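As structure tokens, the structure follows; a few thoughts come after it.
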Amino acid sequence: MTDLRAAVAAGALGSEESYRALLQSIVEVARAIFGARASSVFLHDEAADELVFEAVAGEGAEELIGRRFPSSTGVAGWVLVTRQPLVIEELLEDPRFAREAAESTGFVPKGLMAVPLLHDERALGVLEVLDRPQQAAFSLQEMELLGLFANEAAIALDLLQRAREARAVLEDEGGEGAALARLAAKLAELEPERREAVDRLLEAVETLLEPPALDDSL
Amino acid sequence: MANEPAPAPPDEHDEDDDPGLPAWSLPADAAGRIAIGVEWPERVTRDWAFGGSTGKGVRVCILDSGVEAHHPAVGGLEGAIAVVKDEEGELEFVEDTEGDLCGHGTACAGIVHSLAPEASLFSVRVLGAGFKGSGSVLLGGLRWAVDQGFDVINMSLSTTKRHFADLLHELADSAYFQRTVLVASAHNMPVESYPWRFSSVISVGSHEETDPLTFFYNPNPPVEFFARGMSVEVAWLGGSTIRSSGNSFATPHVAGICALVMAKHPELTPFQLKSVLYLTANNVGGGGA
């Protein structure tokens, strides 16, 4: 009973923040491991068919969250649609890319790595790592590392989406579901003795809510 | 009346007189009829396979983000169409006036052109109509390209939707049987995606060497060949050049090599072409000559 309460509460309310934090941690680790200037995760918003900045580490972190782009143009769009990673090591002279990049990141990167976030059959978004130091040419080993991060980010993004969907379902149910989930969350945090007392109260409420038993003596 | 000669058999019986090529089985007396019109040397060399070839006469389709036709590295296009959706969501195939929406298609076209400068390039853009429904746009674009009978279709694209896998499989097989070679980028992550996993296509991953003609056969499929895909200087938007990496750049290297072989040996089927690639791969003995 307690486990169930905790599960409902975690699934519906607290988890969204945790998954966002997990995603944030993934882009921060990706940025640190590659020694890059910035790293970000874009979520594909299915309803609007757009890519949205969901987590950003490094340059531009503050102002970019929530910013939106077309889902099938530019480098991130190509990666999402084709489900293929794309690494640009050196933008020798591409004015259009420079402008697009400046608009989308706040600075003009010299290079970027973009990889699709795939979970089961779905492409959930794109992970980008901007301006890794270019001491050496990009290697297959780095490509593999990028794939590992993408896998992690895809799982986090999937969990985040599920938590949001769960919350949306609860909110759609006229607020009662959300109120119950909030109660469950508070209950899970209570001291054992107080929790027992509330449990007894809830059992009484449950009895009250039972449909009246049929009197079979008639 | 009874002595009159029997009427000529209808057209469909003509093949009784001219047995043609056996299709579903090989009768004992038919072995001579499937003589292959290719003289195989004792050892298939690169010189035999594509020495002196420029890709002339071969039509290569770039199924991608569009191609910047006037980029100096591309050298012009035979034509360009875009697959778009109309208001009812039906696919339309319209002349593409927007060029390249990413840069990637131009990069692929430039790589093919650098290897096979006289091959004719055609762009089919399957990008830009939104992500939603991009599976059906990809499928529609590929079907259109297969129907046109291009010699080579370069596709650095894949889908993870199993729903599309069966349809893609049929299309890949149709292409294979009508002598259209599909060259597709393999995934470099442990992901089930299509069509590169089908055996009727030529799937390509990257190696780390810098020679554009160096390619390897992979004895451990599903990825069948490895070609140059790391730190490649490629054509990009606005007539520019960038340095870029990914299996999606290894793919047009193999597509270009296919164009060279097909220009010199237009009679080859996709199976034979794949065999030539195998025999001329650097790790099989074709690297030298």
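By convention in this document, the chains of the structure tokens carry letters A, B, ... by their order, each chain's residues are numbered from 1, and ligands are numbered from 1 in the order they are shown.
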
Taking only C-alpha atoms into account and nothing else, which residues of chain B lie no more than 9 Å away from chain A? Please answer as an MDAnalysis selection string. chainID B and resid 64:65 101:104 127:132 134:135 156:162 185:193 206:208 230:231 236:248

When DSSP is applied to the backbone of this structure, which of range 1-206 of chain B are assigned strand (DSSP E)? Write them out as a ChimeraX atom specification. /B:59-64,79-85,91-95,120-125,152-155,181-185,202-206

Spatial neighbours of His169 in chain B, 9 Å, only C-alpha atoms, chain gap at least 3 places, as a PyMOL selection string: chain B and resi 164-166+172-174+194-195+198+200

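By only C-alpha atoms, and with residues fewer than 6 positions from range 141-147 of chain B along its chain excluded, the set lying at most 9 Å from it is B:Cys61, B:Leu63, B:Ala82, B:Val83, B:Phe93, B:Val124, B:Arg125, B:Val126, B:Ile153, B:Met155, B:Leu168, B:Leu171, B:Ala172, B:Ser174, B:Ala175, B:Gln178, B:Thr180.
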
Just C-alpha atoms for this one: save the residues we selected as a PDB file, in the first residue's frame.
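Output below, filename result.pdb:
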ATOM      1  CA  CYS B  61      20.050   9.798 -57.153  1.00  0.00           C
ATOM      2  CA  LEU B  63      17.858  11.004 -51.572  1.00  0.00           C
ATOM      3  CA  ALA B  82      10.980  17.623 -53.468  1.00  0.00           C
ATOM      4  CA  VAL B  83       8.546  15.243 -51.798  1.00  0.00           C
ATOM      5  CA  PHE B  93       6.402  15.335 -56.116  1.00  0.00           C
ATOM      6  CA  VAL B 124      15.211  13.902 -54.387  1.00  0.00           C
ATOM      7  CA  ARG B 125      14.555  15.972 -51.278  1.00  0.00           C
ATOM      8  CA  VAL B 126      12.744  14.134 -48.489  1.00  0.00           C
ATOM      9  CA  ILE B 153      20.412   5.627 -55.098  1.00  0.00           C
ATOM     10  CA  MET B 155      20.543   7.227 -49.026  1.00  0.00           C
ATOM     11  CA  LEU B 168      10.971  -0.591 -47.311  1.00  0.00           C
ATOM     12  CA  LEU B 171      11.061  -1.511 -52.220  1.00  0.00           C
ATOM     13  CA  ALA B 172      14.674  -2.487 -51.610  1.00  0.00           C
ATOM     14  CA  SER B 174      12.250  -4.247 -56.206  1.00  0.00           C
ATOM     15  CA  ALA B 175      15.256  -1.990 -56.689  1.00  0.00           C
ATOM     16  CA  GLN B 178      15.473  -4.025 -61.522  1.00  0.00           C
ATOM     17  CA  THR B 180      18.988  -0.193 -59.150  1.00  0.00           C
TER      18      THR B 180
END

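In this structure, CA of Phe177 in chain B sits 20.1 Å away from CA of Lys264 in chain B.
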
Considering only C-alpha atoms, return as a PyMOL selection string whatever protein or nucleic-acid residues lie within 10 Å of Ala49 in chain B, sequence-local ones (same chain, fewer than 5 positions apart) excluded. chain B and resi 44+257-258+260-265+273+276-277+279-280+286

Next, the residues of the selection above should be written as an mmCIF file, in the first residue's frame with C-alpha atoms.
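Generated output (part.cif):
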data_model
loop_
_atom_site.group_PDB
_atom_site.id
_atom_site.type_symbol
_atom_site.label_atom_id
_atom_site.label_comp_id
_atom_site.auth_asym_id
_atom_site.auth_seq_id
_atom_site.Cartn_x
_atom_site.Cartn_y
_atom_site.Cartn_z
ATOM 1 C CA VAL B 44 39.389 -9.082 -60.460
ATOM 2 C CA ILE B 257 32.684 3.788 -56.629
ATOM 3 C CA CYS B 258 29.520 1.908 -57.723
ATOM 4 C CA LEU B 260 32.516 4.085 -61.669
ATOM 5 C CA VAL B 261 32.089 0.298 -61.901
ATOM 6 C CA MET B 262 28.645 0.519 -63.513
ATOM 7 C CA ALA B 263 29.841 2.997 -66.142
ATOM 8 C CA LYS B 264 32.511 0.514 -67.193
ATOM 9 C CA HIS B 265 30.367 -2.621 -66.766
ATOM 10 C CA LEU B 273 28.341 -5.320 -58.436
ATOM 11 C CA VAL B 276 33.029 -6.763 -57.549
ATOM 12 C CA LEU B 277 33.124 -4.478 -54.524
ATOM 13 C CA LEU B 279 36.742 -8.662 -54.714
ATOM 14 C CA THR B 280 38.262 -5.185 -54.988
ATOM 15 C CA GLY B 286 41.765 -5.426 -54.704
#

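Put simply, CA of Glu42 in chain B is 23.0 Å away from CA of Asn218 in chain B.
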
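Going from CA of Phe215 in chain B to CA of Glu170 in chain B covers 28.0 Å.
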
If we count only C-alpha atoms and set the cut-off at 8 Å, which residues sit around Glu118 in chain B, ignoring sequence neighbours fewer than 2 positions away in its own chain? Please answer as a tab-separated table (two decimals) with C-alpha atoms, in the first residue's frame.
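Resulting contents of selection07.tsv:
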chain	number	residue	atom	x	y	z
B	54	THR	CA	34.49	8.63	-64.92
B	55	GLY	CA	30.99	7.37	-64.16
B	56	LYS	CA	29.79	8.61	-67.56
B	57	GLY	CA	26.26	7.52	-68.41
B	113	HIS	CA	30.98	13.98	-58.11
B	116	ALA	CA	32.66	9.93	-60.61
B	120	SER	CA	24.68	12.41	-63.74

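In terms of minimum interatomic distance to Ile33 in chain A, A:Val129 ranks closest within A:Leu157, A:Val129, A:Thr207, A:Ala184, counting only C-alpha atoms.
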
Identify, on the basis of only C-alpha atoms, every residue whose closest approach to Arg197 in chain B does not exceed 9 Å; exclude the query and any residue fewer than 5 positions from it along the same chain; express the result as a count of residues only. 8

Between B:Asp151, B:Phe225, B:Gly140, B:Trp24, single out the one closest to Glu267 in chain B, counting only C-alpha atoms. B:Asp151
